[in-house]
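Visitor: If it helps, the file is called entry.tsv and holds TSV, C-alpha atoms and all ligand atoms:
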chain	number	residue	atom	x	y	z
X	10	MET	CA	25.33	-0.26	-0.58
X	11	MET	CA	22.91	-3.02	-1.49
X	12	ARG	CA	19.96	-2.01	-3.72
X	13	PRO	CA	16.75	-2.70	-1.79
X	14	GLU	CA	13.47	-3.74	-3.38
X	15	LEU	CA	10.68	-1.13	-3.50
X	16	LEU	CA	7.46	-3.01	-2.71
X	17	ALA	CA	4.12	-1.34	-3.46
X	18	PRO	CA	0.52	-2.20	-2.58
X	19	ALA	CA	-1.81	-3.26	-5.39
X	20	GLY	CA	-5.52	-3.59	-4.62
X	21	ASN	CA	-6.31	-4.45	-8.25
X	22	LEU	CA	-4.68	-4.88	-11.66
X	23	GLU	CA	-4.85	-1.16	-12.43
X	24	LYS	CA	-2.83	-0.37	-9.29
X	25	LEU	CA	-0.39	-3.21	-10.04
X	26	GLU	CA	0.31	-1.75	-13.50
X	27	THR	CA	0.60	1.75	-12.03
X	28	ALA	CA	3.09	0.56	-9.41
X	29	PHE	CA	5.29	-1.11	-12.04
X	30	SER	CA	5.06	1.87	-14.44
X	31	PHE	CA	6.19	4.32	-11.73
X	32	GLY	CA	9.17	2.21	-10.62
X	33	ALA	CA	8.14	-0.39	-8.03
X	34	ASP	CA	10.21	-3.59	-8.11
X	35	ALA	CA	7.44	-5.71	-6.62
X	36	VAL	CA	3.81	-5.54	-5.47
X	37	TYR	CA	1.75	-7.41	-2.91
X	38	ILE	CA	-1.80	-8.42	-3.74
X	39	GLY	CA	-4.63	-10.32	-2.07
X	40	ASN	CA	-7.79	-12.26	-2.64
X	41	TRP	CA	-10.98	-12.25	-0.52
X	42	ILE	CA	-9.67	-15.39	1.22
X	43	PHE	CA	-7.25	-14.69	4.10
X	44	GLY	CA	-6.04	-11.37	2.68
X	45	LEU	CA	-7.08	-9.16	5.63
X	46	ARG	CA	-8.95	-6.78	3.29
X	47	LYS	CA	-12.31	-8.55	3.04
X	48	PHE	CA	-14.24	-5.43	2.07
X	49	ALA	CA	-11.72	-3.94	-0.36
X	50	ASP	CA	-10.94	-4.27	-4.01
X	51	ASN	CA	-9.22	-7.62	-4.52
X	52	PHE	CA	-7.85	-9.93	-7.20
X	53	THR	CA	-9.52	-12.98	-8.68
X	54	LEU	CA	-7.20	-15.91	-9.35
X	55	ARG	CA	-7.27	-15.09	-13.06
X	56	GLN	CA	-6.27	-11.49	-12.35
X	57	MET	CA	-3.49	-12.70	-10.05
X	58	GLU	CA	-2.20	-14.89	-12.86
X	59	MET	CA	-2.26	-11.92	-15.26
X	60	GLY	CA	-0.37	-9.79	-12.73
X	61	ILE	CA	2.25	-12.50	-12.16
X	62	ASN	CA	2.72	-12.98	-15.92
X	63	LEU	CA	3.21	-9.23	-16.36
X	64	ALA	CA	5.72	-9.14	-13.49
X	65	ASN	CA	7.66	-12.04	-15.01
X	66	ARG	CA	7.82	-10.24	-18.36
X	67	LEU	CA	9.13	-7.08	-16.65
X	68	GLY	CA	11.55	-8.85	-14.28
X	69	LYS	CA	9.45	-7.78	-11.27
X	70	LYS	CA	7.72	-9.71	-8.48
X	71	VAL	CA	4.25	-10.33	-7.08
X	72	TYR	CA	3.68	-11.53	-3.52
X	73	VAL	CA	0.31	-12.86	-2.35
X	74	VAL	CA	-0.98	-11.88	1.07
X	75	LEU	CA	-2.36	-14.75	3.19
X	76	ASN	CA	-1.99	-13.08	6.54
X	77	GLY	CA	-5.28	-13.70	8.28
X	78	PHE	CA	-5.30	-15.93	11.36
X	79	ALA	CA	-7.09	-19.11	10.28
X	80	HIS	CA	-9.58	-21.03	12.39
X	81	ASP	CA	-10.08	-24.72	11.69
X	82	GLU	CA	-13.20	-24.07	9.60
X	83	ASP	CA	-11.13	-21.75	7.33
X	84	LEU	CA	-8.76	-24.53	6.31
X	85	GLU	CA	-11.29	-26.21	4.04
X	86	ALA	CA	-11.23	-23.22	1.68
X	87	LEU	CA	-7.52	-22.62	2.18
X	88	ARG	CA	-6.31	-25.98	0.82
X	89	PRO	CA	-7.74	-25.66	-2.73
X	90	TYR	CA	-6.78	-21.97	-2.78
X	91	LEU	CA	-3.15	-22.83	-1.99
X	92	ILE	CA	-3.12	-25.52	-4.68
X	93	GLU	CA	-4.42	-23.00	-7.25
X	94	LEU	CA	-1.87	-20.41	-6.11
X	95	ASN	CA	0.90	-22.97	-6.48
X	96	ARG	CA	-0.18	-23.43	-10.09
X	97	ILE	CA	0.19	-19.70	-10.88
X	98	GLN	CA	3.44	-19.38	-8.83
X	99	PRO	CA	3.58	-15.95	-7.19
X	100	HIS	CA	7.07	-14.99	-6.00
X	101	GLY	CA	6.17	-15.29	-2.32
X	102	PHE	CA	3.36	-15.72	0.22
X	103	ILE	CA	3.05	-13.23	3.09
X	104	ILE	CA	1.81	-15.29	6.04
X	105	SER	CA	1.39	-14.67	9.77
X	106	ASP	CA	-0.26	-17.85	11.07
X	107	ALA	CA	2.22	-20.71	11.71
X	108	GLY	CA	-0.48	-23.22	10.71
X	109	VAL	CA	-1.08	-21.49	7.39
X	110	ALA	CA	2.70	-21.32	6.88
X	111	SER	CA	3.02	-25.04	7.52
X	112	LEU	CA	0.15	-25.87	5.16
X	113	SER	CA	1.58	-23.63	2.43
X	114	GLN	CA	4.88	-25.47	2.67
X	115	GLU	CA	3.12	-28.83	2.52
X	116	LEU	CA	1.07	-27.91	-0.56
X	117	THR	CA	3.20	-25.42	-2.49
X	118	THR	CA	6.74	-24.46	-3.53
X	119	VAL	CA	6.10	-20.72	-3.11
X	120	PRO	CA	8.67	-18.94	-0.87
X	121	LEU	CA	7.42	-18.05	2.61
X	122	HIS	CA	7.57	-14.45	3.85
X	123	VAL	CA	6.53	-13.95	7.47
X	124	SER	CA	3.99	-11.13	7.77
X	125	THR	CA	4.28	-8.14	10.08
X	126	GLN	CA	1.17	-9.55	11.81
X	127	ALA	CA	3.41	-12.30	13.23
X	128	SER	CA	5.02	-9.50	15.31
X	129	VAL	CA	8.64	-10.58	14.79
X	130	THR	CA	10.77	-8.22	16.91
X	131	ASN	CA	14.01	-10.14	17.58
X	132	ALA	CA	16.79	-12.23	16.02
X	133	TYR	CA	15.74	-15.50	17.74
X	134	ASP	CA	12.27	-15.22	16.24
X	135	CYS	CA	13.82	-14.60	12.78
X	136	ALA	CA	16.13	-17.61	13.21
X	137	MET	CA	13.22	-19.83	14.22
X	138	TRP	CA	11.20	-18.82	11.13
X	139	LYS	CA	14.29	-19.38	8.99
X	140	GLU	CA	14.57	-22.91	10.37
X	141	LEU	CA	10.92	-23.43	9.46
X	142	GLY	CA	11.73	-22.47	5.86
X	143	ALA	CA	10.95	-18.73	5.70
X	144	THR	CA	13.09	-16.71	3.30
X	145	ARG	CA	11.97	-13.25	4.41
X	146	ILE	CA	10.65	-11.56	7.56
X	147	VAL	CA	8.40	-8.50	7.41
X	148	LEU	CA	9.49	-7.09	10.76
X	149	ALA	CA	6.99	-5.91	13.35
X	150	ARG	CA	6.27	-2.23	13.16
X	151	GLU	CA	7.56	-1.84	16.71
X	152	VAL	CA	11.27	-2.34	15.90
X	153	THR	CA	13.72	0.56	15.58
X	154	ILE	CA	16.45	0.97	12.95
X	155	ASP	CA	19.11	0.07	15.53
X	156	GLN	CA	17.23	-3.15	16.35
X	157	ILE	CA	16.92	-3.94	12.62
X	158	ARG	CA	20.69	-3.50	12.26
X	159	GLU	CA	21.30	-5.91	15.15
X	160	ILE	CA	18.83	-8.52	13.81
X	161	LYS	CA	20.55	-8.34	10.41
X	162	ARG	CA	23.95	-8.81	12.08
X	163	GLN	CA	22.76	-11.97	13.85
X	164	VAL	CA	20.58	-13.69	11.25
X	165	ASP	CA	21.10	-14.14	7.53
X	166	ILE	CA	17.54	-13.70	6.28
X	167	GLU	CA	15.87	-11.06	4.09
X	168	LEU	CA	14.24	-8.25	6.07
X	169	GLU	CA	11.26	-6.23	4.87
X	170	VAL	CA	10.16	-3.03	6.65
X	171	PHE	CA	7.14	-0.75	6.26
X	172	VAL	CA	8.36	2.69	5.16
X	173	HIS	CA	5.14	4.52	4.31
X	174	GLY	CA	1.38	4.50	4.86
X	175	SER	CA	-1.29	4.11	7.51
X	176	MET	CA	-0.38	3.09	11.02
X	177	CYS	CA	-2.83	1.87	13.62
X	178	ALA	CA	-3.17	1.63	17.36
X	179	SER	CA	-2.74	-2.13	17.44
X	180	TYR	CA	0.38	-4.22	18.07
X	181	SER	CA	1.59	-4.88	14.50
X	182	GLY	CA	-1.98	-5.27	13.33
X	183	LYS	CA	-3.24	-7.46	16.15
X	184	CYS	CA	-6.39	-5.76	17.39
X	185	VAL	CA	-9.84	-6.69	18.62
X	186	ILE	CA	-11.59	-3.32	18.80
X	187	SER	CA	-13.69	-4.09	15.71
X	188	ASN	CA	-14.49	-7.56	17.09
X	189	TYR	CA	-16.11	-6.02	20.17
X	190	THR	CA	-17.61	-2.87	18.68
X	191	ALA	CA	-18.90	-4.29	15.37
X	192	ALA	CA	-18.63	-8.08	15.63
X	193	ARG	CA	-16.07	-8.04	12.81
X	194	ASP	CA	-12.76	-9.83	13.31
X	195	SER	CA	-9.81	-7.54	12.51
X	196	ASN	CA	-7.53	-10.56	12.32
X	197	ARG	CA	-9.63	-12.16	9.61
X	198	GLY	CA	-10.05	-9.07	7.43
X	199	GLY	CA	-12.99	-7.36	9.13
X	200	CYS	CA	-11.45	-4.21	10.67
X	201	ILE	CA	-13.86	-1.24	10.63
X	202	GLN	CA	-11.21	1.22	11.82
X	203	SER	CA	-12.86	1.74	15.18
X	204	CYS	CA	-9.67	3.44	16.36
X	205	ARG	CA	-10.38	6.32	13.96
X	206	HIS	CA	-13.81	7.03	15.42
X	207	THR	CA	-14.61	10.12	17.44
X	208	TYR	CA	-14.60	9.40	21.18
X	209	GLU	CA	-15.95	11.45	24.04
X	210	LEU	CA	-13.77	11.55	27.14
X	211	ILE	CA	-15.54	12.24	30.43
X	212	ASN	CA	-13.63	13.67	33.38
X	213	GLU	CA	-15.07	11.68	36.29
X	214	GLU	CA	-14.14	14.38	38.79
X	215	ASN	CA	-15.92	17.34	37.25
X	216	GLY	CA	-18.11	15.76	34.56
X	217	GLU	CA	-16.50	17.80	31.77
X	218	THR	CA	-16.38	16.11	28.39
X	219	GLU	CA	-13.93	16.35	25.53
X	220	THR	CA	-14.49	15.12	22.01
X	221	THR	CA	-11.31	13.70	20.51
X	222	HIS	CA	-9.75	11.07	18.25
X	223	ILE	CA	-7.67	9.48	20.93
X	224	MET	CA	-6.37	6.48	18.95
X	225	ASN	CA	-6.15	8.01	15.47
X	226	ALA	CA	-2.52	7.31	14.52
X	227	LYS	CA	-0.88	9.58	11.95
X	228	ASP	CA	0.61	8.03	8.82
X	229	LEU	CA	4.15	6.72	8.49
X	230	MET	CA	6.63	8.64	6.32
X	231	THR	CA	10.36	7.79	6.30
X	232	LEU	CA	11.85	9.57	3.28
X	233	ASN	CA	14.62	11.02	5.49
X	234	LEU	CA	15.41	7.61	6.97
X	235	VAL	CA	15.93	5.81	3.64
X	236	PRO	CA	19.79	5.99	3.75
X	237	ASP	CA	19.80	4.62	7.34
X	238	LEU	CA	17.40	1.81	6.45
X	239	ILE	CA	19.55	0.78	3.48
X	240	ASP	CA	22.64	0.94	5.68
X	241	ALA	CA	20.90	-1.23	8.33
X	242	GLY	CA	20.48	-3.97	5.71
X	243	VAL	CA	16.75	-3.74	4.90
X	244	GLU	CA	16.19	-5.68	1.65
X	245	SER	CA	12.62	-4.60	0.97
X	246	PHE	CA	10.98	-1.19	1.51
X	247	LYS	CA	7.26	-1.74	1.86
X	248	ILE	CA	4.51	0.80	1.19
X	249	GLU	CA	1.14	0.31	2.92
X	250	GLY	CA	-2.19	0.95	1.19
X	251	ARG	CA	-3.88	-1.73	-0.93
X	252	MET	CA	-7.16	0.19	-0.64
X	253	LYS	CA	-5.76	3.52	-1.81
X	254	SER	CA	-5.95	5.05	-5.30
X	255	PRO	CA	-3.59	4.61	-8.28
X	256	MET	CA	-2.55	8.25	-7.68
X	257	TYR	CA	-1.42	7.33	-4.14
X	258	VAL	CA	0.56	4.39	-5.54
X	259	ALA	CA	2.16	6.59	-8.24
X	260	SER	CA	3.10	9.38	-5.83
X	261	VAL	CA	4.53	7.22	-3.06
X	262	VAL	CA	6.45	4.93	-5.43
X	263	THR	CA	7.93	7.99	-7.21
X	264	ALA	CA	9.05	9.56	-3.91
X	265	TYR	CA	10.70	6.40	-2.50
X	266	ARG	CA	12.22	5.40	-5.87
X	267	ASP	CA	13.97	8.75	-5.92
X	268	ALA	CA	14.97	8.50	-2.24
X	269	ILE	CA	16.50	5.04	-2.79
X	270	GLU	CA	18.34	5.98	-6.00
X	271	SER	CA	19.64	9.21	-4.41
X	272	ALA	CA	20.95	7.32	-1.38
X	273	LEU	CA	22.67	4.75	-3.59
X	274	GLU	CA	24.24	7.47	-5.75
X	275	ASN	CA	25.14	9.60	-2.71
X	276	ARG	CA	23.28	12.64	-4.02
X	277	SER	CA	20.50	14.82	-2.58
X	278	PRO	CA	16.96	13.51	-3.08
X	279	ASP	CA	14.24	15.48	-4.87
X	280	ALA	CA	13.55	18.51	-2.64
X	281	ASN	CA	9.91	18.39	-3.71
X	282	ALA	CA	9.24	14.76	-2.74
X	283	GLU	CA	7.90	15.47	0.75
X	284	THR	CA	5.61	18.22	-0.60
X	285	GLU	CA	4.19	15.73	-3.10
X	286	LEU	CA	3.53	13.23	-0.27
X	287	GLU	CA	1.76	16.00	1.68
X	288	LYS	CA	-0.57	16.46	-1.30
X	289	ILE	CA	-1.88	12.90	-1.34
X	290	SER	CA	-4.48	11.86	1.19
X	291	ASN	CA	-2.93	11.58	4.67
X	292	ARG	CA	-3.67	11.95	8.37
X	293	GLY	CA	-0.47	13.88	9.12
X	294	TYR	CA	2.91	12.12	9.15
X	295	PHE	CA	5.43	10.78	11.66
X	296	THR	CA	8.33	8.33	11.47
X	297	GLY	CA	6.49	5.45	13.10
X	298	GLY	CA	8.97	4.74	15.85
X	299	LEU	CA	11.78	3.64	13.52
X	300	ASP	CA	14.11	6.33	14.84
X	301	ASP	CA	12.50	7.03	18.21
X	302	ARG	CA	9.69	5.70	20.41
X	303	PRO	CA	6.36	7.09	19.16
X	304	ALA	CA	4.61	9.33	21.67
X	305	GLY	CA	1.72	11.83	21.76
X	306	GLU	CA	2.74	13.54	18.52
X	307	SER	CA	2.06	10.30	16.65
X	308	ILE	CA	-1.72	10.71	17.15
X	309	ASN	CA	-3.95	13.06	15.17
X	310	TYR	CA	-6.32	14.10	17.98
X	311	ALA	CA	-7.96	16.89	16.01
X	312	THR	CA	-9.67	15.07	13.16
X	313	ASN	CA	-10.19	11.63	11.73
X	314	GLY	CA	-10.31	13.11	8.25
X	315	HIS	CA	-7.67	12.91	5.59
X	316	SER	CA	-6.12	16.08	4.27
X	317	ALA	CA	-5.27	16.12	0.59
X	318	GLY	CA	-3.97	18.68	-1.89
X	319	VAL	CA	-4.85	16.83	-5.11
X	320	LYS	CA	-7.87	14.94	-6.40
X	321	TYR	CA	-7.52	11.80	-8.53
X	322	LEU	CA	-9.36	12.16	-11.87
X	323	GLY	CA	-8.41	8.99	-13.71
X	324	SER	CA	-5.64	7.07	-15.45
X	325	ILE	CA	-4.54	6.70	-19.07
X	326	LYS	CA	-5.34	3.15	-20.23
X	327	SER	CA	-3.80	3.39	-23.69
X	328	VAL	CA	-2.52	5.90	-26.22
X	329	ASN	CA	-3.10	5.46	-29.93
X	330	GLU	CA	-2.76	7.34	-33.17
X	331	GLN	CA	-6.51	7.66	-33.83
X	332	MET	CA	-7.91	8.55	-30.42
X	333	GLY	CA	-5.00	10.05	-28.46
X	334	SER	CA	-5.20	9.08	-24.78
X	335	VAL	CA	-7.94	6.67	-23.70
X	336	ILE	CA	-8.89	7.39	-20.11
X	337	LEU	CA	-11.04	5.77	-17.46
X	338	SER	CA	-12.38	8.85	-15.73
X	339	ARG	CA	-12.71	8.84	-11.93
X	340	GLY	CA	-14.21	12.32	-11.67
X	341	ILE	CA	-15.99	14.99	-13.69
X	342	LEU	CA	-13.75	16.42	-16.40
X	343	SER	CA	-14.67	19.40	-18.61
X	344	VAL	CA	-13.27	20.90	-21.78
X	345	GLY	CA	-11.20	23.98	-20.86
X	346	GLU	CA	-10.40	22.64	-17.39
X	347	GLU	CA	-6.83	23.02	-16.11
X	348	ILE	CA	-5.54	19.78	-14.60
X	349	GLU	CA	-2.21	18.07	-13.92
X	350	ILE	CA	-0.64	15.12	-15.70
X	351	GLN	CA	1.44	12.90	-13.39
X	352	SER	CA	3.68	10.58	-15.40
X	353	PRO	CA	6.76	8.58	-14.36
X	354	THR	CA	8.92	11.42	-15.73
X	355	GLY	CA	7.23	14.29	-13.89
X	356	ILE	CA	4.12	16.40	-13.26
X	357	TYR	CA	2.89	18.81	-15.94
X	358	ALA	CA	0.08	21.36	-16.22
X	359	TYR	CA	-2.45	20.53	-18.95
X	360	THR	CA	-5.61	22.21	-20.22
X	361	ILE	CA	-8.26	19.90	-21.69
X	362	GLY	CA	-8.69	21.12	-25.24
X	363	GLU	CA	-10.92	18.44	-26.71
X	364	MET	CA	-12.80	15.43	-25.31
X	365	ARG	CA	-14.55	12.54	-27.10
X	366	ASP	CA	-16.48	9.44	-26.08
X	367	MET	CA	-15.38	5.99	-27.31
X	368	ALA	CA	-17.64	6.34	-30.37
X	369	GLY	CA	-15.74	9.50	-31.34
X	370	ARG	CA	-18.55	11.93	-30.42
X	371	SER	CA	-17.46	15.30	-29.07
X	372	LEU	CA	-18.09	15.88	-25.32
X	373	GLU	CA	-18.11	19.01	-23.17
X	374	LYS	CA	-17.97	17.02	-19.92
X	375	CYS	CA	-17.68	13.44	-18.70
X	376	VAL	CA	-18.90	11.63	-15.59
X	377	PRO	CA	-16.99	9.32	-13.20
X	378	SER	CA	-16.32	5.79	-14.56
X	379	GLN	CA	-16.77	6.91	-18.19
X	380	MET	CA	-14.23	5.89	-20.83
X	381	ILE	CA	-13.18	8.98	-22.78
X	382	CYS	CA	-10.45	10.09	-25.21
X	383	LEU	CA	-8.35	13.23	-25.08
X	384	PRO	CA	-7.16	13.47	-28.72
X	385	ASP	CA	-4.47	16.09	-28.09
X	386	LEU	CA	-2.83	14.22	-25.17
X	387	ARG	CA	-0.43	11.85	-26.91
X	388	ASN	CA	3.14	11.89	-25.66
X	389	VAL	CA	2.43	10.15	-22.37
X	390	PRO	CA	2.82	6.51	-21.29
X	391	GLU	CA	0.03	4.19	-20.14
X	392	ASN	CA	-0.96	4.45	-16.46
X	393	THR	CA	-0.18	8.19	-16.39
X	394	ILE	CA	-2.40	9.88	-13.77
X	395	LEU	CA	-4.80	12.79	-14.28
X	396	ARG	CA	-5.30	14.91	-11.14
X	397	LYS	CA	-6.37	18.33	-9.98
X	398	PRO	CA	-5.12	20.55	-7.14
X	399	ILE	CA	-7.70	21.04	-4.35
X	400	VAL	CA	-7.86	22.45	-0.85
X	401	GLU	CA	-9.96	20.04	1.15
X	402	VAL	CA	-10.25	17.92	4.29
X	403	VAL	CA	-12.32	14.77	3.81
X	404	THR	CA	-13.80	13.23	6.92
X	405	GLU	CA	-13.61	9.48	6.94
X	406	ASN	CA	-15.59	8.32	9.99
X	407	ALA	CA	-18.59	9.83	11.74
R	1	LIG	S1	-9.45	-0.87	14.48
R	1	LIG	FE1	-7.73	0.52	14.22
R	1	LIG	S2	-6.14	-0.30	15.59
R	1	LIG	FE2	-7.59	-1.94	15.21
R	1	LIG	S3	-6.79	-3.07	13.43
R	1	LIG	FE3	-8.29	-1.58	12.69
R	1	LIG	S4	-7.04	0.19	12.08
R	1	LIG	FE4	-5.78	-1.07	13.49
Mind turning this structure into structure tokens?
Guide:
Amino acid sequence: MMRPELLAPAGNLEKLETAFSFGADAVYIGNWIFGLRKFADNFTLRQMEMGINLANRLGKKVYVVLNGFAHDEDLEALRPYLIELNRIQPHGFIISDAGVASLSQELTTVPLHVSTQASVTNAYDCAMWKELGATRIVLAREVTIDQIREIKRQVDIELEVFVHGSMCASYSGKCVISNYTAARDSNRGGCIQSCRHTYELINEENGETETTHIMNAKDLMTLNLVPDLIDAGVESFKIEGRMKSPMYVASVVTAYRDAIESALENRSPDANAETELEKISNRGYFTGGLDDRPAGESINYATNGHSAGVKYLGSIKSVNEQMGSVILSRGILSVGEEIEIQSPTGIYAYTIGEMRDMAGRSLEKCVPSQMICLPDLRNVPENTILRKPIVEVVTENA
């Protein structure tokens, strides 16, 4: 069996480092220009360069997302951006617009990956993109494993498939609900997730109303399909979620790393992996139509909230002799509190025994975004996650 790439989302440098530490082979990153996440965390060019340099040192890869659909007025900014990107040489561009693809080939030597937004669902489409110079196709989310197998049989090109993360009610990301409801173009990074909103259905015959989340797709999870996807010839397993936390990146990468290695070694995967994925923020899971056509059970009608079993409290930035672990806190932490340490080698219970600020002063408690040290937490690698079990449902949209 061929060893596929595990490709993780990275909304910023912290998430990129987390993804690599927990076992991702590659990450995809974006900038505010053409990255389809206009209102999210993003990378500056300098940060992209730092991420690419780190990946090169580790033998990993960084792909840059350029998958918005460009209008003529966008091209003015795109040209100099492409020239700068060519200078820092990411390992691939993820592009959906044929015009942007053509321009990237004119101005750069960066390999072309065709984005899922291009909705490639068949072998002819793959062959056409190959002729145009593409080296990889991120298949449309609408294809099944059997169709992937057939495409692979007919066309010799790398195939990338989404294996985990948010789904939406659009056709492989092509959607105009936000355009009409909020004057924000989903296809140029402006999606406001209108499909997750609460809608009121009115029965025209009797006037009865029902409040529901009629388009709120559950999240994709394919741990059980990993052996079939490898067997079908998928070269890259892609995780969705550039806007999600480092804890999400760590948990999902850990679960799929184990699933891939288990499949390759013909052994049973970690029995706890699915439970861990249930603990991170999700809208309920389904297999996204890879094994069967999605139907009613793919929608979470009841709530547009996320359920989660753990809360992210921060990441370890460095560990040193003098200070112990240096942590950027993302929550309130108190001395005596029982939390969990999630490292690439496992999850451990830990009680905070001592806390200091960066000047070495003793603290009883810290606030979110504060840099702190835990002097007695030493035998852990950088990017280890601090988290706490919770029972909670967080509502996302009103
Ligand atoms: S509004 Fe919903 S269906 Fe449309 S692109 Fe955004 S997330 Fe997808």
Visitor: Give the answer as one residue: which of X:Phe29, X:Tyr180, X:Tyr357, X:Tyr90 has the shortest atom-to-atom distance to ligand LIG 1 (chain R), using all atoms listed in the file?
Guide: X:Tyr180
Visitor: Let me see if you get this right: every residue at most 7 Å from ligand LIG 1 (chain R), counting all atoms listed in the file, written as a list in words.
Guide: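 The neighbouring residues of ligand LIG 1 (chain R) are, in order, Cys177, Ala178, Ser179, Gly182, Lys183, Cys184, Val185, Ile186, Ser187, Ser195, Cys200, Ile201, Gln202, Ser203, Cys204 and Arg205 of chain X.
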Visitor: For region 299-309 of chain X, please output as a JSON list (two decimals) with C-alpha atoms, in the coordinates of the input all residues within 8 Å (counting only C-alpha atoms; exclusion window: fewer than 3 positions along the same chain).
Guide:
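For reference, part-v9.json as written:
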[["chain", "number", "residue", "atom", "x", "y", "z"],
["X", 151, "GLU", "CA", 7.56, -1.84, 16.71],
["X", 152, "VAL", "CA", 11.27, -2.34, 15.90],
["X", 153, "THR", "CA", 13.72, 0.56, 15.58],
["X", 154, "ILE", "CA", 16.45, 0.97, 12.95],
["X", 222, "HIS", "CA", -9.75, 11.07, 18.25],
["X", 223, "ILE", "CA", -7.67, 9.48, 20.93],
["X", 224, "MET", "CA", -6.37, 6.48, 18.95],
["X", 225, "ASN", "CA", -6.15, 8.01, 15.47],
["X", 226, "ALA", "CA", -2.52, 7.31, 14.52],
["X", 227, "LYS", "CA", -0.88, 9.58, 11.95],
["X", 292, "ARG", "CA", -3.67, 11.95, 8.37],
["X", 293, "GLY", "CA", -0.47, 13.88, 9.12],
["X", 294, "TYR", "CA", 2.91, 12.12, 9.15],
["X", 295, "PHE", "CA", 5.43, 10.78, 11.66],
["X", 296, "THR", "CA", 8.33, 8.33, 11.47],
["X", 312, "THR", "CA", -9.67, 15.07, 13.16],
["X", 313, "ASN", "CA", -10.19, 11.63, 11.73]]
Visitor: State, in Å with one decimal place, the distance from CA of Leu342 (chain X) to CA of Glu26 (chain X).
Guide: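 Distance between the two atoms: 23.2 Å.
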Visitor: Figure out the distance between CA of Gln56 (chain X) and CA of Ala368 (chain X), please, to one decimal in Å.
Guide: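 Separation of CA of Ala368 (chain X) and CA of Gln56 (chain X): 27.8 Å.
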Visitor: Which residue is closest to Pro99 (chain X)? Choose from X:Ile399, X:Val74, X:Leu84, X:Ile350 and count all atoms listed in the file.
Guide: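 Nearest to Pro99 (chain X): X:Val74.
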Visitor: Please provide as a PyMOL selection string all residues within 8 Å of region 267-280 of chain X, with the sequence filter that same-chain residues fewer than 2 positions apart are discarded (counting only C-alpha atoms).
Guide: chain X and resi 10+12-13+232+235-236+263-265+282-283
Visitor: To one decimal place, how far is CA of Arg387 (chain X) from CA of Asn21 (chain X) in Å?
Guide: 25.5 Å
Visitor: Can you work out which one of X:Leu386, X:Leu238, X:Val243, X:Cys375 has the shortest atom-to-atom distance to Ile146 (chain X), counting all atoms listed in the file?
Guide: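 Nearest candidate to Ile146 (chain X) out of X:Leu386, X:Leu238, X:Val243, X:Cys375: X:Val243.
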Visitor: So, with all atoms listed in the file as the atoms that count, which of X:Gly242, X:Pro377, X:Leu234, X:Glu219 lies closest to Met11 (chain X)?
Guide: X:Gly242
Visitor: Need the shell around Leu395 (chain X): protein/DNA/RNA residues with any atom at most 6 Å away, counting only C-alpha atoms. Skip same-chain ones fewer than 4 positions apart. Format as an mmCIF file with C-alpha atoms, in the coordinates of the input?
Guide:
data_model
loop_
_atom_site.group_PDB
_atom_site.id
_atom_site.type_symbol
_atom_site.label_atom_id
_atom_site.label_comp_id
_atom_site.auth_asym_id
_atom_site.auth_seq_id
_atom_site.Cartn_x
_atom_site.Cartn_y
_atom_site.Cartn_z
ATOM 1 C CA LEU X 322 -9.360 12.160 -11.870
ATOM 2 C CA GLY X 323 -8.410 8.990 -13.710
ATOM 3 C CA SER X 324 -5.640 7.070 -15.450
ATOM 4 C CA GLU X 349 -2.210 18.070 -13.920
ATOM 5 C CA ILE X 350 -0.640 15.120 -15.700
#
Visitor: Could you tell me, as a PyMOL selection string, which residues have any atom at most 6 Å from (5.6, 6.2, 7.6), counting only C-alpha atoms?
Guide: chain X and resi 172-174+228-231+296-297
Visitor: Neighbours of Val119 (chain X) within 7 Å (only C-alpha atoms; same-chain residues fewer than 3 positions away dropped), as a list in words?
Guide: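 After dropping sequence-adjacent residues, the list is Asn95, Gln98, Pro99, His100, Gly101 and Phe102 of chain X.
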Visitor: What lies within 9 Å of Leu54 (chain X) using all atoms listed in the file, ignoring chain neighbours under 5 positions off, as a PyMOL selection string?
Guide: chain X and resi 40+59+90+93-94+97
Visitor: Can you spit out the residues from that selection as a CSV table (one decimal), keeping the file's coordinate frame, using C-alpha atoms?
Guide:
chain,number,residue,atom,x,y,z
X,40,ASN,CA,-7.8,-12.3,-2.6
X,59,MET,CA,-2.3,-11.9,-15.3
X,90,TYR,CA,-6.8,-22.0,-2.8
X,93,GLU,CA,-4.4,-23.0,-7.2
X,94,LEU,CA,-1.9,-20.4,-6.1
X,97,ILE,CA,0.2,-19.7,-10.9
Visitor: Would you mind telling me which residue in X:Asp155, X:Glu285, X:Asp165, X:Glu115 lies nearest to Met256 (chain X) when using all atoms listed in the file?
Guide: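 Between X:Asp155, X:Glu285, X:Asp165, X:Glu115, the residue approaching Met256 (chain X) most closely is X:Glu285.
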Visitor: Which one of X:Met57, X:Val170, X:Ser371, X:Ile348 sits closest to Glu249 (chain X) if you count all atoms listed in the file?
Guide: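 Nearest to Glu249 (chain X): X:Val170.
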